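To be precise, the following lines are data30.txt, and they hold compact mmCIF, C-alpha atoms and all ligand atoms.
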# COMPACT_ATOMS: atom_id res chain seq x y z
CA MET S 1 -45.28 93.35 205.10
CA ILE S 2 -43.36 90.20 206.13
CA ASN S 3 -45.55 87.19 206.85
CA ARG S 4 -44.07 86.18 210.19
CA GLN S 5 -45.91 82.87 210.43
CA ARG S 6 -45.00 81.86 206.88
CA LEU S 7 -41.33 82.68 207.52
CA SER S 8 -41.28 80.78 210.80
CA ASP S 9 -42.95 77.74 209.18
CA GLU S 10 -40.48 77.86 206.31
CA PHE S 11 -37.53 77.84 208.67
CA ALA S 12 -38.98 74.93 210.67
CA ARG S 13 -39.47 72.90 207.48
CA LEU S 14 -35.94 73.58 206.25
CA ALA S 15 -34.32 72.84 209.62
CA ALA S 16 -36.11 69.49 209.84
CA ILE S 17 -34.57 68.32 206.55
CA THR S 18 -31.22 66.94 207.68
CA SER S 19 -28.57 67.97 205.15
CA PRO S 20 -24.94 67.18 206.00
CA PRO S 21 -22.33 68.00 203.33
CA LEU S 22 -22.61 65.87 200.15
CA ARG S 23 -25.93 64.41 201.34
CA GLU S 24 -28.15 67.21 200.16
CA ARG S 25 -30.53 65.42 197.78
CA ALA S 26 -33.60 65.80 200.03
CA ILE S 27 -33.17 69.48 200.73
CA ALA S 28 -32.22 70.18 197.11
CA SER S 29 -35.44 68.69 195.78
CA TYR S 30 -37.46 70.61 198.35
CA LEU S 31 -35.74 73.85 197.36
CA ALA S 32 -36.09 73.17 193.63
CA GLU S 33 -39.84 72.77 194.07
CA ARG S 34 -40.14 75.82 196.36
CA LEU S 35 -38.14 78.14 194.08
CA THR S 36 -39.95 76.89 190.97
CA ALA S 37 -43.25 77.80 192.63
CA LEU S 38 -41.82 81.29 193.18
CA GLY S 39 -41.18 81.70 189.46
CA ALA S 40 -37.61 80.49 188.98
CA GLU S 41 -36.08 78.28 186.34
CA ILE S 42 -33.98 75.70 188.16
CA LEU S 43 -30.70 74.15 187.08
CA PHE S 44 -28.31 71.87 188.91
CA ASP S 45 -24.68 71.96 187.87
CA ARG S 46 -22.49 68.84 187.84
CA ALA S 47 -20.55 69.58 191.02
CA ASP S 48 -21.77 66.24 192.38
CA GLN S 49 -19.60 64.40 189.83
CA ALA S 50 -16.43 66.09 190.99
CA THR S 51 -17.24 65.87 194.69
CA GLY S 52 -18.94 62.51 195.09
CA GLY S 53 -22.03 64.23 196.45
CA GLU S 54 -25.68 63.36 195.87
CA ILE S 55 -26.54 66.48 193.89
CA GLY S 56 -24.89 69.54 192.35
CA ASN S 57 -25.25 73.22 193.21
CA LEU S 58 -28.71 74.66 192.63
CA ILE S 59 -28.96 77.70 190.39
CA ALA S 60 -32.31 79.47 190.17
CA HIS S 61 -32.84 82.11 187.50
CA PHE S 62 -35.62 84.59 188.22
CA PRO S 63 -36.37 86.61 185.09
CA ALA S 64 -36.73 90.37 185.51
CA ALA S 65 -40.11 91.44 186.84
CA GLY S 66 -40.99 95.00 185.91
CA ARG S 67 -37.46 96.33 185.67
CA ASP S 68 -34.40 95.61 183.55
CA GLY S 69 -30.85 95.81 184.80
CA ASP S 70 -27.86 93.73 185.72
CA PRO S 71 -28.71 90.47 187.42
CA LEU S 72 -28.20 90.32 191.17
CA LEU S 73 -26.73 87.27 192.92
CA MET S 74 -28.21 85.97 196.16
CA SER S 75 -26.33 83.03 197.59
CA VAL S 76 -26.86 80.63 200.48
CA HIS S 77 -25.65 77.09 201.19
CA MET S 78 -27.92 74.08 201.59
CA ASP S 79 -25.64 71.89 203.72
CA THR S 80 -24.99 72.16 207.46
CA VAL S 81 -22.14 70.76 209.51
CA ASP S 82 -22.94 67.11 210.20
CA PRO S 83 -25.68 67.20 212.85
CA ILE S 84 -24.87 63.59 213.91
CA GLY S 85 -28.55 62.73 214.20
CA GLU S 86 -31.93 64.03 213.09
CA VAL S 87 -32.53 67.74 213.68
CA VAL S 88 -35.75 68.46 215.58
CA PRO S 89 -36.30 72.22 215.52
CA VAL S 90 -38.40 73.64 218.34
CA LEU S 91 -39.78 77.17 218.78
CA ASN S 92 -40.03 78.63 222.29
CA ASP S 93 -40.81 82.29 222.98
CA GLY S 94 -39.82 83.21 219.44
CA VAL S 95 -36.45 81.41 219.59
CA PHE S 96 -35.65 78.38 217.44
CA THR S 97 -33.26 75.77 218.87
CA SER S 98 -32.73 72.06 218.34
CA ALA S 99 -34.62 69.74 220.69
CA SER S 100 -32.53 66.72 219.76
CA GLY S 101 -29.09 67.74 221.04
CA THR S 102 -27.88 68.39 217.48
CA ILE S 103 -27.00 71.62 215.77
CA LEU S 104 -30.05 73.57 214.57
CA GLY S 105 -28.71 74.28 211.10
CA ALA S 106 -29.71 77.96 211.16
CA ASP S 107 -26.34 78.14 209.42
CA ASP S 108 -27.42 78.52 206.69
CA LYS S 109 -31.16 77.75 206.77
CA ALA S 110 -32.00 81.05 208.44
CA GLY S 111 -30.59 82.71 205.33
CA ILE S 112 -32.55 80.41 203.02
CA ALA S 113 -35.84 81.02 204.88
CA GLU S 114 -35.29 84.79 204.88
CA LEU S 115 -34.59 84.79 201.16
CA ILE S 116 -37.65 82.68 200.36
CA GLU S 117 -39.87 84.96 202.46
CA ALA S 118 -38.45 88.04 200.72
CA LEU S 119 -39.19 86.46 197.33
CA GLU S 120 -42.74 85.66 198.48
CA VAL S 121 -43.32 89.27 199.53
CA VAL S 122 -41.82 90.74 196.35
CA ARG S 123 -44.07 88.51 194.29
CA GLU S 124 -47.33 88.98 196.19
CA GLN S 125 -46.90 92.74 196.35
CA GLY S 126 -45.83 92.99 192.71
CA ILE S 127 -42.68 94.90 193.68
CA PRO S 128 -40.71 95.57 190.48
CA ARG S 129 -37.27 93.99 190.48
CA GLY S 130 -34.48 93.22 188.04
CA PRO S 131 -33.25 89.77 187.09
CA LEU S 132 -32.12 87.65 189.98
CA GLU S 133 -29.85 84.62 190.25
CA VAL S 134 -30.14 82.53 193.40
CA VAL S 135 -27.30 80.10 194.05
CA VAL S 136 -27.66 77.43 196.71
CA THR S 137 -24.33 75.65 197.11
CA ILE S 138 -23.57 72.19 198.43
CA ALA S 139 -20.81 71.21 200.86
CA GLU S 140 -19.87 74.70 202.04
CA GLU S 141 -19.02 73.42 205.50
CA ILE S 142 -16.27 71.02 204.38
CA GLY S 143 -14.16 73.61 202.60
CA LEU S 144 -16.37 75.60 200.21
CA VAL S 145 -16.44 72.52 198.03
CA GLY S 146 -19.65 73.40 196.16
CA ALA S 147 -18.55 76.97 195.41
CA LYS S 148 -15.14 75.72 194.26
CA HIS S 149 -16.80 73.32 191.79
CA LEU S 150 -19.64 75.61 190.71
CA ASP S 151 -20.22 75.95 186.98
CA TYR S 152 -19.77 79.73 186.75
CA SER S 153 -20.74 79.74 183.07
CA LEU S 154 -24.35 79.37 184.30
CA LEU S 155 -24.21 82.76 186.06
CA ARG S 156 -24.42 86.25 184.58
CA ALA S 157 -24.49 88.22 187.86
CA ARG S 158 -21.38 90.30 188.59
CA HIS S 159 -22.37 91.36 192.10
CA GLY S 160 -24.51 90.22 194.97
CA PHE S 161 -24.91 88.94 198.48
CA ALA S 162 -24.14 85.83 200.48
CA LEU S 163 -26.54 85.36 203.39
CA ASP S 164 -24.18 83.59 205.72
CA THR S 165 -22.71 85.25 208.77
CA THR S 166 -23.66 85.17 212.44
CA GLY S 167 -25.29 87.93 214.49
CA MET S 168 -27.35 90.84 213.26
CA GLY S 169 -26.98 94.26 211.69
CA HIS S 170 -23.67 93.91 209.91
CA MET S 171 -22.07 92.96 206.64
CA VAL S 172 -18.66 91.50 205.89
CA LEU S 173 -16.63 93.04 203.05
CA ARG S 174 -13.24 91.54 203.86
CA ALA S 175 -12.26 88.03 204.84
CA PRO S 176 -8.84 86.45 204.97
CA GLY S 177 -7.31 84.05 202.51
CA ALA S 178 -5.77 80.89 203.87
CA ASN S 179 -3.03 78.43 203.03
CA ARG S 180 -3.07 74.87 204.32
CA ILE S 181 0.37 73.49 205.07
CA ARG S 182 1.18 69.79 205.35
CA VAL S 183 4.67 68.79 206.36
CA GLU S 184 6.18 65.35 206.50
CA ILE S 185 9.60 64.97 208.10
CA LEU S 186 11.57 61.82 207.36
CA GLY S 187 14.45 61.20 209.75
CA ARG S 188 15.98 57.81 210.31
CA GLU S 189 14.55 55.12 212.52
CA SER S 190 16.79 53.24 214.92
CA HIS S 191 16.66 51.45 218.27
CA ALA S 192 16.88 54.16 220.90
CA GLY S 193 18.70 52.02 223.45
CA VAL S 194 20.93 49.86 221.29
CA ALA S 195 21.87 52.16 218.41
CA PRO S 196 20.75 55.77 218.96
CA GLU S 197 23.82 56.90 216.94
CA GLN S 198 22.17 55.39 213.84
CA GLY S 199 18.98 57.44 214.22
CA VAL S 200 17.80 60.92 213.26
CA SER S 201 14.73 61.97 215.23
CA ALA S 202 12.00 63.45 213.06
CA ILE S 203 10.17 64.54 216.22
CA GLN S 204 13.17 66.56 217.32
CA THR S 205 13.28 68.31 213.96
CA ALA S 206 9.57 69.11 214.24
CA ALA S 207 9.98 70.37 217.79
CA LEU S 208 12.86 72.66 216.84
CA ALA S 209 10.90 74.07 213.92
CA LEU S 210 7.78 74.76 216.00
CA ALA S 211 9.76 76.21 218.90
CA GLU S 212 11.10 79.06 216.79
CA MET S 213 8.00 79.57 214.63
CA LYS S 214 5.75 82.61 214.95
CA LEU S 215 2.27 81.20 215.53
CA GLY S 216 -1.06 82.45 216.84
CA ARG S 217 -1.92 86.07 216.10
CA ILE S 218 0.82 87.48 213.91
CA ASP S 219 -0.76 90.91 213.47
CA PHE S 220 -4.26 92.41 213.31
CA GLU S 221 -5.02 90.66 210.03
CA THR S 222 -2.80 87.57 210.06
CA THR S 223 -2.96 84.33 212.07
CA ALA S 224 -1.12 81.00 211.95
CA ASN S 225 -1.46 77.60 213.58
CA PHE S 226 -0.15 74.06 213.56
CA GLY S 227 -3.10 72.01 214.74
CA LYS S 228 -2.15 68.40 214.18
CA ILE S 229 0.97 66.32 214.73
CA GLU S 230 1.38 62.62 214.27
CA GLY S 231 4.37 60.33 214.26
CA GLY S 232 6.69 57.94 215.99
CA VAL S 233 6.24 54.25 216.72
CA ALA S 234 7.33 53.48 220.29
CA CYS S 235 9.27 55.10 223.11
CA ASN S 236 12.32 52.95 222.44
CA ILE S 237 12.55 53.81 218.75
CA VAL S 238 14.13 56.98 217.37
CA PRO S 239 11.21 58.33 215.33
CA GLY S 240 11.79 58.18 211.60
CA ARG S 241 8.65 59.96 210.52
CA VAL S 242 6.37 62.73 211.75
CA SER S 243 3.65 64.64 209.93
CA LEU S 244 2.15 68.00 210.80
CA GLU S 245 -0.82 70.00 209.55
CA GLY S 246 -1.16 73.72 209.90
CA GLU S 247 -2.53 76.85 208.31
CA ALA S 248 -1.90 80.55 207.83
CA ARG S 249 -4.56 83.20 207.21
CA SER S 250 -4.36 86.84 206.30
CA HIS S 251 -6.49 89.61 204.88
CA ASP S 252 -3.38 90.70 203.01
CA SER S 253 -2.07 88.39 200.26
CA ALA S 254 1.55 89.51 200.66
CA LYS S 255 1.46 88.86 204.40
CA LEU S 256 -0.07 85.44 203.77
CA GLU S 257 2.83 84.55 201.50
CA LEU S 258 5.35 85.97 203.97
CA GLN S 259 3.97 84.01 206.92
CA THR S 260 3.77 80.82 204.86
CA ALA S 261 7.40 81.27 203.76
CA HIS S 262 8.43 81.86 207.38
CA MET S 263 6.79 78.58 208.44
CA VAL S 264 8.56 76.68 205.67
CA ALA S 265 11.89 78.33 206.54
CA CYS S 266 11.58 77.20 210.18
CA PHE S 267 11.40 73.58 209.02
CA GLU S 268 14.37 74.03 206.70
CA ARG S 269 16.48 75.55 209.47
CA ALA S 270 15.44 72.79 211.88
CA ALA S 271 16.40 70.18 209.30
CA ASP S 272 19.83 71.80 209.01
CA ALA S 273 20.22 71.94 212.78
CA THR S 274 19.34 68.27 213.21
CA THR S 275 21.51 67.02 210.36
CA ARG S 276 24.10 64.58 211.67
CA THR S 277 26.87 62.37 210.49
CA ILE S 278 26.21 58.65 210.73
CA GLY S 279 29.36 56.75 209.94
CA SER S 280 30.65 58.55 206.88
CA GLU S 281 27.19 59.70 205.75
CA ARG S 282 25.63 63.15 206.29
CA VAL S 283 21.96 62.55 207.10
CA ARG S 284 19.67 65.55 206.81
CA PRO S 285 16.00 64.96 207.66
CA GLN S 286 13.96 65.04 204.46
CA LEU S 287 11.10 67.51 204.25
CA GLN S 288 8.03 67.03 202.13
CA ILE S 289 6.08 70.25 202.30
CA ASP S 290 2.74 70.67 200.59
CA ILE S 291 1.12 74.10 200.54
CA GLN S 292 -2.38 74.51 199.18
CA SER S 293 -4.47 77.61 198.91
CA ASP S 294 -7.52 76.78 201.03
CA TYR S 295 -9.37 79.83 199.79
CA PRO S 296 -8.41 83.26 198.44
CA ARG S 297 -8.99 86.38 200.53
CA MET S 298 -11.98 88.59 199.76
CA MET S 299 -11.90 92.35 199.79
CA VAL S 300 -14.77 94.49 198.59
CA GLU S 301 -14.24 98.25 198.71
CA GLU S 302 -16.47 100.27 201.04
CA ASP S 303 -17.73 102.36 198.13
CA ALA S 304 -18.55 99.37 195.89
CA PRO S 305 -22.05 99.56 194.36
CA VAL S 306 -23.17 96.45 196.21
CA VAL S 307 -22.18 98.01 199.55
CA ARG S 308 -24.00 101.22 198.67
CA LEU S 309 -27.04 99.18 197.71
CA ALA S 310 -27.09 97.41 201.08
CA GLN S 311 -26.59 100.67 202.96
CA ALA S 312 -29.33 102.48 201.06
CA ALA S 313 -31.74 99.59 201.63
CA ALA S 314 -30.93 99.44 205.35
CA ALA S 315 -31.42 103.20 205.72
CA ALA S 316 -34.76 103.02 203.90
CA VAL S 317 -36.11 100.44 206.35
CA GLY S 318 -34.48 102.07 209.39
CA GLN S 319 -31.94 99.35 210.12
CA ASP S 320 -28.33 99.68 211.26
CA LEU S 321 -25.84 97.96 209.02
CA THR S 322 -22.23 98.17 210.15
CA ILE S 323 -19.13 96.79 208.46
CA LYS S 324 -17.38 93.92 210.20
CA LEU S 325 -14.12 92.12 209.48
CA GLY S 326 -14.55 88.44 208.63
CA GLY S 327 -12.29 85.86 210.25
CA GLY S 328 -12.76 82.85 208.01
CA GLY S 329 -13.47 81.67 204.51
CA SER S 330 -16.93 81.28 203.04
CA ASP S 331 -18.46 80.88 199.60
CA ALA S 332 -18.15 84.65 199.15
CA ASN S 333 -14.34 84.31 199.04
CA ILE S 334 -14.74 82.05 196.02
CA PHE S 335 -17.40 84.19 194.30
CA ASN S 336 -15.20 87.28 194.65
CA ALA S 337 -12.23 85.40 193.20
CA GLN S 338 -14.52 84.47 190.28
CA GLY S 339 -15.21 88.16 189.66
CA ILE S 340 -18.63 88.31 191.31
CA GLU S 341 -18.40 91.14 193.83
CA THR S 342 -20.13 89.58 196.81
CA ILE S 343 -20.61 90.81 200.36
CA ILE S 344 -21.88 88.75 203.27
CA LEU S 345 -24.98 89.74 205.25
CA ALA S 346 -25.70 88.66 208.82
CA THR S 347 -28.71 86.36 209.09
CA GLY S 348 -29.38 86.31 212.86
CA MET S 349 -27.96 82.82 213.45
CA ARG S 350 -26.04 82.43 216.70
CA ASP S 351 -23.74 79.83 218.35
CA VAL S 352 -23.46 77.99 215.05
CA HIS S 353 -21.82 74.56 214.78
CA SER S 354 -22.93 73.77 218.36
CA PRO S 355 -25.98 72.27 220.10
CA LYS S 356 -26.68 75.78 221.46
CA GLU S 357 -27.27 77.13 217.96
CA SER S 358 -30.33 79.40 217.72
CA VAL S 359 -32.12 82.02 215.69
CA THR S 360 -35.08 84.21 216.61
CA VAL S 361 -38.13 84.78 214.43
CA ASP S 362 -37.80 88.52 215.08
CA ASP S 363 -34.30 88.57 213.61
CA MET S 364 -35.36 86.57 210.57
CA VAL S 365 -38.24 89.01 209.98
CA THR S 366 -35.78 91.93 210.18
CA VAL S 367 -33.39 90.36 207.64
CA ALA S 368 -36.26 89.42 205.28
CA GLU S 369 -37.39 93.08 205.38
CA LEU S 370 -33.92 94.21 204.40
CA LEU S 371 -33.81 91.69 201.56
CA VAL S 372 -37.14 92.89 200.15
CA GLU S 373 -35.74 96.43 200.12
CA ILE S 374 -32.50 95.27 198.46
CA LEU S 375 -34.50 93.44 195.76
CA ARG S 376 -36.65 96.54 195.23
CA ARG S 377 -33.55 98.69 194.68
CA ALA S 378 -31.21 96.26 192.89
ZN ZN C 1 -22.65 79.02 206.77

As C-alpha cells, the full file:
Amino acid sequence: MINRQRLSDEFARLAAITSPPLRERAIASYLAERLTALGAEILFDRADQATGGEIGNLIAHFPAAGRDGDPLLMSVHMDTVDPIGEVVPVLNDGVFTSASGTILGADDKAGIAELIEALEVVREQGIPRGPLEVVVTIAEEIGLVGAKHLDYSLLRARHGFALDTTGMGHMVLRAPGANRIRVEILGRESHAGVAPEQGVSAIQTAALALAEMKLGRIDFETTANFGKIEGGVACNIVPGRVSLEGEARSHDSAKLELQTAHMVACFERAADATTRTIGSERVRPQLQIDIQSDYPRMMVEEDAPVVRLAQAAAAAVGQDLTIKLGGGGSDANIFNAQGIETIILATGMRDVHSPKESVTVDDMVTVAELLVEILRRA
C-alpha cells in the first residue's frame, strides 16, 4: 500500500532543504506546493511578523473526501535545530543519516514525509476521509515559537496528532509544563583587599541559595535546574552583581508552582542571611526575579477519543502502540492549552539534535501505514 520509494525520495528532498528556525521560506514554499498538489487550500498566518521570521505557520485545509465529521488536526514542524551547514542526507542499507557532519533533520522531516505519503495513499486509493487540517509550524526548536504565535482562528479541529517524538511504537499523552526562572542579585561592589567591609558579595548570596535548593529530580514527574550563572568583575573586587538562569518542570501544575516557589524562597532566605550592616546602613542584596511560563503541561486522558482512534488504527494494522511519558515541551503542549486535544506520535527519528541523527525507511513506512489507517477512521 505504501510507496516505499516515493516516501524515501520525499524524505531525502525535505532533508536537503536546510531550514533552521525563522529561516523557513524555502521549505515553506516547497510544502505549500506539495500540499496544494495533494488537494489542500494553503494559508500562512502572520506569525512571521511577531517573530521576525521569514514566513508564518502553514495551515493546509483538506476538505472532506467522502465522509463528513469533525476536522482532524495533523501537525508537524518545518524547522530543525540549526544544522550549522548544509544538510546532505545519505541512504545506506535503508538508514538515512547526514553525510555532512550536520544533524539530519529527521526531527521533524520524518513526520512530514510520513504524513505526505499517507495523504498520497489516501488520495490514490480513494479512501474516504473527513475534513483534515494540517499545520506545519515554524520555529518549534527555539521554544515553540510558531505554535505560540499561531492564528488559532484559522483552525476548526478540536483534536488531532503531532508527529514529533523519537523512537517507534508509542504515543505521548502527558508532557510537563515548565517555568523559566531568571534571577539577578545586586549586592554591593567594593575593593576586596582595601575595603571588603564596604562590600556585599552577590556571588555569596547566589551560592547560599543554590546550596540549600532542591535541584535535579524532585520526584517522578518534577525536575529543576539552574544551568547558567554569570557575574563578578575580578578576583580583587567583591562582586556586586550575579545573574542566574534556571527552570522547573512538572507534569503536575501544583507541583510546578510549589517547586518554583521553593526556588524563589531559597534566594530570599540567602538574601536575608547575607544582609549586613555597612556603617549605619543595613544592606540586603536586591533580588530581581523573573518567572515565565515556558510552556504549559499537556495531559490527555487515556480514554480520550483521539487516543482510542490511534489505538484502534494501530490494532487494525497490527502495530504496537504503547503510552509513554513525555519529558519536554513540544507544539502539542500549546495546542492542548488552546483546547485542541493533541497527542504525539513517534516518527522513527533517533539521536535527534546530533550528527548521529537517523531514521530508517522501514520505520517511516510503518508510521505512514498507521497514518493512513488513522485518516480512514477519523
Ligand atoms: Zn521536533

Identify, counting only C-alpha atoms and all ligand atoms, the protein, DNA and RNA residues located within 12 Å of ligand ZN 1 (chain C), and give them as a compact mmCIF listing (two decimals) with C-alpha atoms, in the coordinates of the input.
# COMPACT_ATOMS: atom_id res chain seq x y z
CA PRO S 21 -22.33 68.00 203.33
CA SER S 75 -26.33 83.03 197.59
CA VAL S 76 -26.86 80.63 200.48
CA HIS S 77 -25.65 77.09 201.19
CA MET S 78 -27.92 74.08 201.59
CA ASP S 79 -25.64 71.89 203.72
CA THR S 80 -24.99 72.16 207.46
CA VAL S 81 -22.14 70.76 209.51
CA GLY S 105 -28.71 74.28 211.10
CA ALA S 106 -29.71 77.96 211.16
CA ASP S 107 -26.34 78.14 209.42
CA ASP S 108 -27.42 78.52 206.69
CA LYS S 109 -31.16 77.75 206.77
CA ALA S 110 -32.00 81.05 208.44
CA GLY S 111 -30.59 82.71 205.33
CA ILE S 112 -32.55 80.41 203.02
CA VAL S 136 -27.66 77.43 196.71
CA THR S 137 -24.33 75.65 197.11
CA ILE S 138 -23.57 72.19 198.43
CA ALA S 139 -20.81 71.21 200.86
CA GLU S 140 -19.87 74.70 202.04
CA GLU S 141 -19.02 73.42 205.50
CA ILE S 142 -16.27 71.02 204.38
CA GLY S 143 -14.16 73.61 202.60
CA LEU S 144 -16.37 75.60 200.21
CA ALA S 162 -24.14 85.83 200.48
CA LEU S 163 -26.54 85.36 203.39
CA ASP S 164 -24.18 83.59 205.72
CA THR S 165 -22.71 85.25 208.77
CA THR S 166 -23.66 85.17 212.44
CA GLY S 328 -12.76 82.85 208.01
CA GLY S 329 -13.47 81.67 204.51
CA SER S 330 -16.93 81.28 203.04
CA ASP S 331 -18.46 80.88 199.60
CA ALA S 332 -18.15 84.65 199.15
CA ILE S 344 -21.88 88.75 203.27
CA LEU S 345 -24.98 89.74 205.25
CA ALA S 346 -25.70 88.66 208.82
CA THR S 347 -28.71 86.36 209.09
CA GLY S 348 -29.38 86.31 212.86
CA MET S 349 -27.96 82.82 213.45
CA ARG S 350 -26.04 82.43 216.70
CA ASP S 351 -23.74 79.83 218.35
CA VAL S 352 -23.46 77.99 215.05
CA HIS S 353 -21.82 74.56 214.78

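By all atoms listed in the file, and with residues fewer than 2 positions from S:Gly56 along its chain excluded, the set lying at most 9 Å from it is S:Leu22, S:Glu24, S:Arg25, S:Ala28, S:Phe44, S:Asp45, S:Arg46, S:Ala47, S:Asp48, S:Gln49, S:Thr51, S:Gly53, S:Glu54, S:Leu58, S:Thr137, S:Ile138, S:Gly146, S:His149, S:Leu150.
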
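Minimum atom-to-atom distances from S:Thr97, S:Asn333, S:Ser201, S:Asn236 to S:Pro176 were compared using only C-alpha atoms, and the lowest value belongs to S:Asn333.
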
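Closest approach to S:Ala178 among S:Ala271, S:Leu321, S:Val88, S:Ala254 is made by S:Ala254 (distances from only C-alpha atoms).
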
Find the residues around stretch 248-252 of chain S up to 10 Å (all atoms listed in the file counted), leave out those fewer than 5 positions away in its own chain, and share them as a VMD selection string. chain S and resid 174 to 181 215 to 226 257 to 260 263 293 to 299 325 to 329

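Taking atom CA of S:Met168 and atom CA of S:Ala315 as endpoints, the distance between them is 15.0 Å.
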
Give me the residues within 9 Å of S:Arg156 as a ChimeraX atom specification, counting only C-alpha atoms and dropping any in the same chain fewer than 2 places off. /S:70-73,133,152-154,158

Across S:Val306, S:Ala211, S:Cys235, S:Phe161, the smallest distance to S:Ala192, with only C-alpha atoms counted, is shown by S:Cys235

Would you mind putting back N, CA and C atoms on stretch 11-29 of chain S, then writing it out as a PDB file, in the frame of the given file?
ATOM      1  N   PHE S  11     -38.774  78.204 207.989  1.00  0.00           N
ATOM      2  CA  PHE S  11     -37.530  77.840 208.670  1.00  0.00           C
ATOM      3  C   PHE S  11     -37.655  76.464 209.337  1.00  0.00           C
ATOM      4  N   ALA S  12     -38.790  76.216 209.985  1.00  0.00           N
ATOM      5  CA  ALA S  12     -38.980  74.930 210.670  1.00  0.00           C
ATOM      6  C   ALA S  12     -38.907  73.770 209.678  1.00  0.00           C
ATOM      7  N   ARG S  13     -39.526  73.964 208.506  1.00  0.00           N
ATOM      8  CA  ARG S  13     -39.470  72.900 207.480  1.00  0.00           C
ATOM      9  C   ARG S  13     -38.038  72.642 207.022  1.00  0.00           C
ATOM     10  N   LEU S  14     -37.321  73.720 206.737  1.00  0.00           N
ATOM     11  CA  LEU S  14     -35.940  73.580 206.250  1.00  0.00           C
ATOM     12  C   LEU S  14     -35.044  72.921 207.307  1.00  0.00           C
ATOM     13  N   ALA S  15     -35.195  73.368 208.561  1.00  0.00           N
ATOM     14  CA  ALA S  15     -34.320  72.840 209.620  1.00  0.00           C
ATOM     15  C   ALA S  15     -34.547  71.353 209.837  1.00  0.00           C
ATOM     16  N   ALA S  16     -35.786  70.905 209.594  1.00  0.00           N
ATOM     17  CA  ALA S  16     -36.110  69.490 209.840  1.00  0.00           C
ATOM     18  C   ALA S  16     -35.597  68.568 208.728  1.00  0.00           C
ATOM     19  N   ILE S  17     -35.152  69.153 207.616  1.00  0.00           N
ATOM     20  CA  ILE S  17     -34.570  68.320 206.550  1.00  0.00           C
ATOM     21  C   ILE S  17     -33.069  68.226 206.795  1.00  0.00           C
ATOM     22  N   THR S  18     -32.637  67.116 207.332  1.00  0.00           N
ATOM     23  CA  THR S  18     -31.220  66.940 207.680  1.00  0.00           C
ATOM     24  C   THR S  18     -30.382  66.977 206.392  1.00  0.00           C
ATOM     25  N   SER S  19     -29.325  67.776 206.396  1.00  0.00           N
ATOM     26  CA  SER S  19     -28.570  67.970 205.150  1.00  0.00           C
ATOM     27  C   SER S  19     -27.077  68.146 205.389  1.00  0.00           C
ATOM     28  N   PRO S  20     -26.405  67.083 205.861  1.00  0.00           N
ATOM     29  CA  PRO S  20     -24.940  67.180 206.000  1.00  0.00           C
ATOM     30  C   PRO S  20     -24.277  67.313 204.631  1.00  0.00           C
ATOM     31  N   PRO S  21     -23.026  67.786 204.598  1.00  0.00           N
ATOM     32  CA  PRO S  21     -22.330  68.000 203.330  1.00  0.00           C
ATOM     33  C   PRO S  21     -22.330  66.741 202.461  1.00  0.00           C
ATOM     34  N   LEU S  22     -22.588  66.918 201.181  1.00  0.00           N
ATOM     35  CA  LEU S  22     -22.610  65.870 200.150  1.00  0.00           C
ATOM     36  C   LEU S  22     -23.797  64.921 200.289  1.00  0.00           C
ATOM     37  N   ARG S  23     -24.709  65.192 201.239  1.00  0.00           N
ATOM     38  CA  ARG S  23     -25.930  64.410 201.340  1.00  0.00           C
ATOM     39  C   ARG S  23     -27.123  65.367 201.321  1.00  0.00           C
ATOM     40  N   GLU S  24     -27.180  66.123 200.223  1.00  0.00           N
ATOM     41  CA  GLU S  24     -28.150  67.210 200.160  1.00  0.00           C
ATOM     42  C   GLU S  24     -29.323  66.928 199.224  1.00  0.00           C
ATOM     43  N   ARG S  25     -29.491  65.669 198.772  1.00  0.00           N
ATOM     44  CA  ARG S  25     -30.530  65.420 197.780  1.00  0.00           C
ATOM     45  C   ARG S  25     -31.927  65.854 198.268  1.00  0.00           C
ATOM     46  N   ALA S  26     -32.249  65.514 199.517  1.00  0.00           N
ATOM     47  CA  ALA S  26     -33.600  65.800 200.030  1.00  0.00           C
ATOM     48  C   ALA S  26     -33.861  67.305 200.074  1.00  0.00           C
ATOM     49  N   ILE S  27     -32.919  68.040 200.630  1.00  0.00           N
ATOM     50  CA  ILE S  27     -33.170  69.480 200.730  1.00  0.00           C
ATOM     51  C   ILE S  27     -33.129  70.133 199.361  1.00  0.00           C
ATOM     52  N   ALA S  28     -32.296  69.605 198.463  1.00  0.00           N
ATOM     53  CA  ALA S  28     -32.220  70.180 197.110  1.00  0.00           C
ATOM     54  C   ALA S  28     -33.537  70.003 196.380  1.00  0.00           C
ATOM     55  N   SER S  29     -34.166  68.843 196.513  1.00  0.00           N
ATOM     56  CA  SER S  29     -35.440  68.690 195.780  1.00  0.00           C
ATOM     57  C   SER S  29     -36.525  69.555 196.407  1.00  0.00           C
TER      58      SER S  29
END
